[in-house]
$ cat input_30.txt   # compact mmCIF, C-alpha atoms
# COMPACT_ATOMS: atom_id res chain seq x y z
CA GLN A 7 0.00 0.00 0.00
CA LYS A 8 1.49 3.28 -1.09
CA GLU A 9 1.33 5.75 1.74
CA VAL A 10 1.95 9.36 2.48
CA GLU A 11 2.33 10.28 6.12
CA GLN A 12 2.04 13.58 7.89
CA ASN A 13 1.84 14.52 11.54
CA SER A 14 -1.76 15.58 12.12
CA GLY A 15 -0.78 18.30 14.57
CA PRO A 16 -1.86 20.82 15.53
CA LEU A 17 1.48 22.51 15.03
CA SER A 18 1.42 25.80 16.88
CA VAL A 19 3.91 28.54 16.08
CA PRO A 20 4.01 32.19 17.11
CA GLU A 21 3.43 34.88 14.54
CA GLY A 22 6.61 35.71 12.65
CA ALA A 23 8.22 32.33 13.29
CA ILE A 24 9.12 29.65 10.77
CA ALA A 25 6.66 26.79 10.48
CA SER A 26 8.12 23.47 9.35
CA LEU A 27 5.82 20.82 7.94
CA ASN A 28 7.01 17.36 7.06
CA CYS A 29 5.80 14.53 4.88
CA THR A 30 7.18 11.06 4.20
CA TYR A 31 6.17 8.69 1.46
CA SER A 32 6.62 5.00 0.87
CA ASP A 33 6.71 4.66 -2.93
CA ARG A 34 10.27 5.10 -4.20
CA GLY A 35 8.89 5.52 -7.70
CA SER A 36 7.24 8.80 -6.77
CA GLN A 37 8.33 11.65 -9.00
CA SER A 38 6.17 14.64 -8.28
CA PHE A 39 5.29 16.27 -4.99
CA PHE A 40 2.82 18.95 -4.07
CA TRP A 41 1.79 21.03 -1.10
CA TYR A 42 -1.76 22.28 -0.74
CA ARG A 43 -3.35 24.51 1.85
CA GLN A 44 -6.92 23.87 2.92
CA TYR A 45 -8.89 26.23 5.07
CA SER A 46 -11.74 24.77 7.08
CA GLY A 47 -14.77 24.19 4.88
CA LYS A 48 -12.90 25.11 1.71
CA SER A 49 -11.21 23.15 -1.06
CA PRO A 50 -7.43 22.71 -1.34
CA GLU A 51 -5.33 25.44 -2.88
CA LEU A 52 -2.01 24.64 -4.55
CA ILE A 53 0.97 26.23 -2.82
CA MET A 54 3.86 24.61 -4.59
CA SER A 55 5.05 21.68 -6.61
CA ILE A 56 8.53 20.19 -6.50
CA TYR A 57 10.06 17.55 -8.74
CA SER A 58 13.81 17.61 -8.10
CA ASN A 59 15.91 17.08 -5.01
CA GLY A 60 16.78 20.23 -3.15
CA ASP A 61 14.97 23.41 -2.26
CA LYS A 62 12.41 25.43 -4.17
CA GLU A 63 11.41 28.85 -2.94
CA ASP A 64 8.31 30.88 -3.69
CA GLY A 65 7.82 33.95 -1.57
CA ARG A 66 7.55 32.93 2.08
CA PHE A 67 7.31 29.26 1.16
CA THR A 68 10.18 26.84 0.62
CA ALA A 69 9.65 23.23 -0.38
CA GLN A 70 12.44 20.75 0.24
CA LEU A 71 12.70 17.34 -1.37
CA ASN A 72 14.98 14.45 -0.49
CA LYS A 73 14.15 11.42 -2.60
CA ALA A 74 16.82 9.23 -1.04
CA SER A 75 15.22 9.70 2.38
CA GLN A 76 11.72 9.82 0.91
CA TYR A 77 10.61 13.00 2.53
CA VAL A 78 9.36 16.36 1.44
CA SER A 79 8.92 19.37 3.67
CA LEU A 80 7.41 22.83 3.54
CA LEU A 81 8.82 25.80 5.39
CA ILE A 82 6.72 28.89 5.93
CA ARG A 83 8.73 31.93 6.91
CA ASP A 84 7.31 34.88 8.81
CA SER A 85 4.19 32.90 9.65
CA GLN A 86 0.97 34.89 9.81
CA PRO A 87 -2.35 34.08 11.52
CA SER A 88 -3.82 33.83 8.02
CA ASP A 89 -1.52 30.84 7.41
CA SER A 90 -3.53 28.86 9.97
CA ALA A 91 -4.95 25.99 7.94
CA THR A 92 -4.45 22.33 7.18
CA TYR A 93 -1.51 21.61 4.89
CA LEU A 94 -1.82 18.60 2.64
CA CYS A 95 1.10 16.79 1.09
CA ALA A 96 0.35 15.01 -2.19
CA VAL A 97 2.56 12.57 -4.05
CA MET A 98 2.24 11.38 -7.61
CA SER A 99 4.07 8.49 -9.24
CA LEU A 100 4.53 8.39 -12.99
CA THR A 101 2.13 5.54 -13.60
CA GLY A 102 0.23 7.32 -16.33
CA THR A 103 -2.83 7.92 -14.20
CA TYR A 104 -1.66 11.24 -12.74
CA LYS A 105 -3.39 10.31 -9.49
CA TYR A 106 -2.29 11.85 -6.23
CA ILE A 107 -1.93 10.11 -2.94
CA PHE A 108 -2.71 12.60 -0.21
CA GLY A 109 -1.46 12.62 3.34
CA THR A 110 -4.00 13.26 6.06
CA GLY A 111 -2.72 16.79 6.52
CA THR A 112 -1.06 18.80 9.26
CA ARG A 113 -3.10 21.44 11.03
CA LEU A 114 -1.09 24.61 11.54
CA LYS A 115 -2.02 27.27 14.08
CA VAL A 116 -0.20 30.57 13.97
CA LEU A 117 -0.65 32.39 17.24
CA ALA A 118 -0.95 36.17 17.15
CA GLY B 11 -4.95 31.44 -14.31
CA ALA B 12 -5.92 27.79 -13.66
CA VAL B 13 -9.38 28.46 -12.29
CA VAL B 14 -11.83 25.63 -11.73
CA SER B 15 -15.47 26.22 -10.94
CA GLN B 16 -18.13 23.92 -9.54
CA HIS B 17 -21.86 24.23 -9.57
CA PRO B 18 -23.80 24.15 -7.38
CA SER B 19 -21.77 25.15 -4.35
CA TRP B 20 -24.28 23.48 -2.08
CA VAL B 21 -27.38 21.38 -2.58
CA ILE B 22 -29.97 19.79 -0.35
CA CYS B 23 -31.97 16.93 -1.82
CA LYS B 24 -34.37 14.29 -0.65
CA SER B 25 -33.39 10.68 -0.28
CA GLY B 26 -33.85 8.75 -3.51
CA THR B 27 -33.36 11.68 -5.86
CA SER B 28 -30.40 12.35 -8.13
CA VAL B 29 -28.06 15.31 -8.05
CA LYS B 30 -25.73 16.53 -10.80
CA ILE B 31 -22.58 18.47 -10.01
CA GLU B 32 -20.68 20.32 -12.74
CA CYS B 33 -16.95 20.96 -12.79
CA ARG B 34 -15.49 23.41 -15.30
CA SER B 35 -11.97 24.55 -16.02
CA LEU B 36 -12.50 28.21 -16.88
CA ASP B 37 -9.21 29.36 -18.38
CA PHE B 38 -7.47 26.18 -19.43
CA GLN B 39 -8.18 22.85 -21.05
CA ALA B 40 -8.05 19.76 -18.90
CA THR B 41 -7.49 16.30 -20.29
CA THR B 42 -7.93 14.76 -16.89
CA MET B 43 -10.33 15.63 -14.12
CA PHE B 44 -10.63 14.02 -10.74
CA TRP B 45 -13.53 13.70 -8.32
CA TYR B 46 -12.92 13.57 -4.59
CA ARG B 47 -15.10 13.25 -1.55
CA GLN B 48 -14.24 14.60 1.86
CA PHE B 49 -16.01 13.82 5.11
CA PRO B 50 -15.64 16.15 8.10
CA LYS B 51 -12.15 16.15 9.62
CA GLN B 52 -10.93 13.56 7.12
CA SER B 53 -8.61 13.83 4.17
CA LEU B 54 -9.60 13.81 0.54
CA MET B 55 -10.71 10.50 -0.88
CA LEU B 56 -10.31 10.04 -4.63
CA MET B 57 -13.47 8.64 -6.15
CA ALA B 58 -12.63 8.53 -9.83
CA THR B 59 -10.44 9.82 -12.62
CA SER B 60 -12.05 10.99 -15.81
CA ASN B 61 -10.43 11.63 -19.16
CA GLU B 62 -12.12 13.60 -21.89
CA GLY B 63 -14.03 11.35 -24.24
CA SER B 64 -13.49 8.12 -22.36
CA LYS B 65 -15.03 6.23 -19.46
CA ALA B 66 -14.08 7.21 -15.95
CA THR B 67 -11.82 5.02 -13.87
CA TYR B 68 -13.28 4.44 -10.44
CA GLU B 69 -11.37 3.75 -7.26
CA GLN B 70 -11.93 0.52 -5.42
CA GLY B 71 -15.11 0.60 -3.40
CA VAL B 72 -16.75 3.41 -5.38
CA GLU B 73 -19.95 2.31 -7.11
CA LYS B 74 -19.80 3.41 -10.73
CA ASP B 75 -23.55 2.96 -11.18
CA LYS B 76 -24.23 5.27 -8.28
CA PHE B 77 -21.70 7.95 -9.10
CA LEU B 78 -22.00 8.62 -12.81
CA ILE B 79 -19.19 10.65 -14.32
CA ASN B 80 -19.21 12.23 -17.74
CA HIS B 81 -16.26 14.16 -19.19
CA ALA B 82 -17.83 15.53 -22.34
CA SER B 83 -15.29 18.18 -23.23
CA LEU B 84 -11.85 19.46 -22.30
CA THR B 85 -13.43 21.95 -19.92
CA LEU B 86 -16.40 20.12 -18.40
CA SER B 87 -16.91 17.06 -16.25
CA THR B 88 -20.07 16.15 -14.38
CA LEU B 89 -20.74 13.88 -11.42
CA THR B 90 -24.26 12.60 -10.90
CA VAL B 91 -25.11 11.05 -7.57
CA THR B 92 -28.00 8.74 -8.33
CA SER B 93 -30.60 7.65 -5.78
CA ALA B 94 -28.87 9.66 -3.10
CA HIS B 95 -29.06 8.55 0.52
CA PRO B 96 -28.11 10.38 3.72
CA GLU B 97 -24.77 8.56 3.85
CA ASP B 98 -23.88 10.26 0.55
CA SER B 99 -23.92 13.61 2.31
CA SER B 100 -20.42 14.95 1.94
CA PHE B 101 -18.20 17.61 0.42
CA TYR B 102 -17.54 16.75 -3.23
CA ILE B 103 -14.55 18.40 -4.86
CA CYS B 104 -13.29 18.17 -8.41
CA SER B 105 -9.84 18.96 -9.70
CA ALA B 106 -8.41 19.38 -13.16
CA ARG B 107 -5.00 18.74 -14.67
CA HIS B 108 -3.79 21.17 -17.30
CA ILE B 109 -3.48 19.81 -20.84
CA ARG B 110 0.13 21.08 -21.01
CA ALA B 111 2.67 18.34 -21.45
CA ASN B 112 4.62 17.55 -18.27
CA SER B 113 2.06 19.44 -16.20
CA TYR B 114 1.12 17.49 -13.13
CA GLU B 115 -0.49 20.07 -10.89
CA GLN B 116 -4.13 19.59 -10.02
CA TYR B 117 -6.28 22.68 -9.58
CA PHE B 118 -9.27 22.24 -7.35
CA GLY B 119 -12.76 23.60 -7.67
CA PRO B 120 -14.41 25.22 -4.65
CA GLY B 121 -16.39 22.09 -3.83
CA THR B 122 -20.05 21.17 -3.57
CA ARG B 123 -21.60 20.44 -0.22
CA LEU B 124 -24.31 17.81 -0.62
CA THR B 125 -26.87 17.18 2.11
CA VAL B 126 -29.34 14.36 1.61
CA THR B 127 -32.37 14.46 3.89
$ encode --input "input_30.txt" --output "structure tokens"
Amino acid sequence: QKEVEQNSGPLSVPEGAIASLNCTYSDRGSQSFFWYRQYSGKSPELIMSIYSNGDKEDGRFTAQLNKASQYVSLLIRDSQPSDSATYLCAVMSLTGTYKYIFGTGTRLKVLA
Amino acid sequence: GAVVSQHPSWVICKSGTSVKIECRSLDFQATTMFWYRQFPKQSLMLMATSNEGSKATYEQGVEKDKFLINHASLTLSTLTVTSAHPEDSSFYICSARHIRANSYEQYFGPGTRLTVT
């Protein structure tokens, strides 16, 4: 069974701090990785995709991928109360179906 | 760019009736669309994958005769919940993958909240 695991949280960080969210996956054939943010009662919103080992930065967000260790992480710098949400990690293997396997999400609380 | 809409945003129906949910990619063409269901405080559950012009591929445990999916064009997919029952009450969300080669991001619609009474 291919799995994607995330700590459910809640992860509480003070405003202005760095929030670090982690995700591990079991399928070594996975090639594409995505982070989504989901506010309560809303649908997921794409934050970032990452395909290669290393870091990828976009504004306050940095995704980090380590395929050898099978983990992907998301750093949120200068966290704001508006960042409080559930963060979903999604993994896709190149099987031709383009399906994602989602983790259960980490709930982030940014304290003002 | 990459906007996906869903209609209706919420619907209440009586047990035994059918409900159709539309998913549209507004500013891009999508060869593949996905339908998910999400129960409160749970993660997304993929129900089916639909490709334009072909039959949908359903995940294990999802009844294809109950959840009818049609992907008639590169911008429209529909999900019909037939003979709905209270246990079908859920948040249904579609997503679309851009037709661009080597594009793997899925863009999600705003979701449809279905309540069956």
$ atom_distance --input "input_30.txt" --atom1 "atom CA of A:Cys29" --atom2 "atom CA of A:Leu94"
8.9 Å
$ interface_residues --input "input_30.txt" --of "chain B" --to "chain A" --cutoff "6 Å" --atoms "only C-alpha atoms" --output "JSON, numbers by chain"
{"B": [53, 120, 121]}
$ write_last_selection --input "input_30.txt" --atoms "C-alpha atoms" --output "mmCIF file, keeping the file's coordinate frame"
data_model
loop_
_atom_site.group_PDB
_atom_site.id
_atom_site.type_symbol
_atom_site.label_atom_id
_atom_site.label_comp_id
_atom_site.auth_asym_id
_atom_site.auth_seq_id
_atom_site.Cartn_x
_atom_site.Cartn_y
_atom_site.Cartn_z
ATOM 1 C CA SER B 53 -8.610 13.830 4.170
ATOM 2 C CA PRO B 120 -14.410 25.220 -4.650
ATOM 3 C CA GLY B 121 -16.390 22.090 -3.830
#
$ atom_distance --input "input_30.txt" --atom1 "atom CA of B:Ile22" --atom2 "atom CA of B:Phe101"
12.0 Å
$ residues_around --input "input_30.txt" --residues "A:Thr68" --least-positions-apart "5" --cutoff "9 Å" --atoms "only C-alpha atoms" --output "list of chain:residue names"
A:Met54, A:Asp61, A:Lys62, A:Glu63, A:Ser79, A:Leu80, A:Leu81, A:Ile82, A:Arg83
$ residues_around --input "input_30.txt" --residues "stretch 24-36 of chain B" --least-positions-apart "4" --cutoff "10 Å" --atoms "only C-alpha atoms" --output "ChimeraX atom specification"
/B:11-20,40,43-45,76-81,83-98,102-108,117-122,124-127
$ residues_near_point --input "input_30.txt" --point "(7.6, 33.3, 16.3)" --cutoff "10 Å" --atoms "all atoms listed in the file" --output "PyMOL selection string"
chain A and resi 18-25+83-86+116-118
$ atom_distance --input "input_30.txt" --atom1 "atom CA of A:Pro16" --atom2 "atom CA of A:Ile53"
19.3 Å
$ residues_near_point --input "input_30.txt" --point "(1.7, 6.7, 3.1)" --cutoff "6 Å" --atoms "only C-alpha atoms" --output "list of chain:residue names"
A:Lys8, A:Glu9, A:Val10, A:Glu11, A:Tyr31, A:Ser32
$ build_atoms --input "input_30.txt" --residues "stretch 102-116 of chain A" --atoms "N, CA, C and O atoms" --output "PDB file, in the coordinates of the input"
ATOM      1  N   GLY A 102       1.096   7.004 -15.201  1.00  0.00           N
ATOM      2  CA  GLY A 102       0.230   7.320 -16.330  1.00  0.00           C
ATOM      3  C   GLY A 102      -1.172   7.726 -15.908  1.00  0.00           C
ATOM      4  O   GLY A 102      -1.954   8.161 -16.739  1.00  0.00           O
ATOM      5  N   THR A 103      -1.489   7.561 -14.634  1.00  0.00           N
ATOM      6  CA  THR A 103      -2.830   7.920 -14.200  1.00  0.00           C
ATOM      7  C   THR A 103      -2.901   9.345 -13.662  1.00  0.00           C
ATOM      8  O   THR A 103      -3.976   9.896 -13.546  1.00  0.00           O
ATOM      9  N   TYR A 104      -1.756   9.896 -13.306  1.00  0.00           N
ATOM     10  CA  TYR A 104      -1.660  11.240 -12.740  1.00  0.00           C
ATOM     11  C   TYR A 104      -2.393  11.373 -11.405  1.00  0.00           C
ATOM     12  O   TYR A 104      -2.696  12.471 -10.962  1.00  0.00           O
ATOM     13  N   LYS A 105      -2.676  10.253 -10.767  1.00  0.00           N
ATOM     14  CA  LYS A 105      -3.390  10.310  -9.490  1.00  0.00           C
ATOM     15  C   LYS A 105      -2.451  10.774  -8.386  1.00  0.00           C
ATOM     16  O   LYS A 105      -1.263  10.460  -8.375  1.00  0.00           O
ATOM     17  N   TYR A 106      -3.029  11.476  -7.424  1.00  0.00           N
ATOM     18  CA  TYR A 106      -2.290  11.850  -6.230  1.00  0.00           C
ATOM     19  C   TYR A 106      -2.617  10.873  -5.112  1.00  0.00           C
ATOM     20  O   TYR A 106      -3.737  10.364  -5.023  1.00  0.00           O
ATOM     21  N   ILE A 107      -1.650  10.697  -4.249  1.00  0.00           N
ATOM     22  CA  ILE A 107      -1.930  10.110  -2.940  1.00  0.00           C
ATOM     23  C   ILE A 107      -1.725  11.224  -1.939  1.00  0.00           C
ATOM     24  O   ILE A 107      -0.643  11.831  -1.875  1.00  0.00           O
ATOM     25  N   PHE A 108      -2.765  11.509  -1.170  1.00  0.00           N
ATOM     26  CA  PHE A 108      -2.710  12.600  -0.210  1.00  0.00           C
ATOM     27  C   PHE A 108      -2.352  12.071   1.178  1.00  0.00           C
ATOM     28  O   PHE A 108      -2.797  10.984   1.576  1.00  0.00           O
ATOM     29  N   GLY A 109      -1.593  12.865   1.920  1.00  0.00           N
ATOM     30  CA  GLY A 109      -1.460  12.620   3.340  1.00  0.00           C
ATOM     31  C   GLY A 109      -2.716  13.129   4.033  1.00  0.00           C
ATOM     32  O   GLY A 109      -3.576  13.763   3.417  1.00  0.00           O
ATOM     33  N   THR A 110      -2.812  12.847   5.304  1.00  0.00           N
ATOM     34  CA  THR A 110      -4.000  13.260   6.060  1.00  0.00           C
ATOM     35  C   THR A 110      -3.953  14.727   6.463  1.00  0.00           C
ATOM     36  O   THR A 110      -4.946  15.259   6.932  1.00  0.00           O
ATOM     37  N   GLY A 111      -2.795  15.359   6.242  1.00  0.00           N
ATOM     38  CA  GLY A 111      -2.720  16.790   6.520  1.00  0.00           C
ATOM     39  C   GLY A 111      -2.192  17.118   7.906  1.00  0.00           C
ATOM     40  O   GLY A 111      -2.378  16.350   8.856  1.00  0.00           O
ATOM     41  N   THR A 112      -1.537  18.262   7.982  1.00  0.00           N
ATOM     42  CA  THR A 112      -1.060  18.800   9.260  1.00  0.00           C
ATOM     43  C   THR A 112      -1.786  20.109   9.514  1.00  0.00           C
ATOM     44  O   THR A 112      -1.765  21.007   8.672  1.00  0.00           O
ATOM     45  N   ARG A 113      -2.407  20.190  10.693  1.00  0.00           N
ATOM     46  CA  ARG A 113      -3.100  21.440  11.030  1.00  0.00           C
ATOM     47  C   ARG A 113      -2.116  22.403  11.660  1.00  0.00           C
ATOM     48  O   ARG A 113      -1.437  22.066  12.639  1.00  0.00           O
ATOM     49  N   LEU A 114      -2.003  23.570  11.063  1.00  0.00           N
ATOM     50  CA  LEU A 114      -1.090  24.610  11.540  1.00  0.00           C
ATOM     51  C   LEU A 114      -1.886  25.715  12.201  1.00  0.00           C
ATOM     52  O   LEU A 114      -2.879  26.192  11.650  1.00  0.00           O
ATOM     53  N   LYS A 115      -1.426  26.114  13.388  1.00  0.00           N
ATOM     54  CA  LYS A 115      -2.020  27.270  14.080  1.00  0.00           C
ATOM     55  C   LYS A 115      -0.925  28.293  14.283  1.00  0.00           C
ATOM     56  O   LYS A 115       0.103  28.006  14.901  1.00  0.00           O
ATOM     57  N   VAL A 116      -1.144  29.477  13.760  1.00  0.00           N
ATOM     58  CA  VAL A 116      -0.200  30.570  13.970  1.00  0.00           C
ATOM     59  C   VAL A 116      -0.815  31.497  15.000  1.00  0.00           C
ATOM     60  O   VAL A 116      -1.885  32.072  14.777  1.00  0.00           O
TER      61      VAL A 116
END
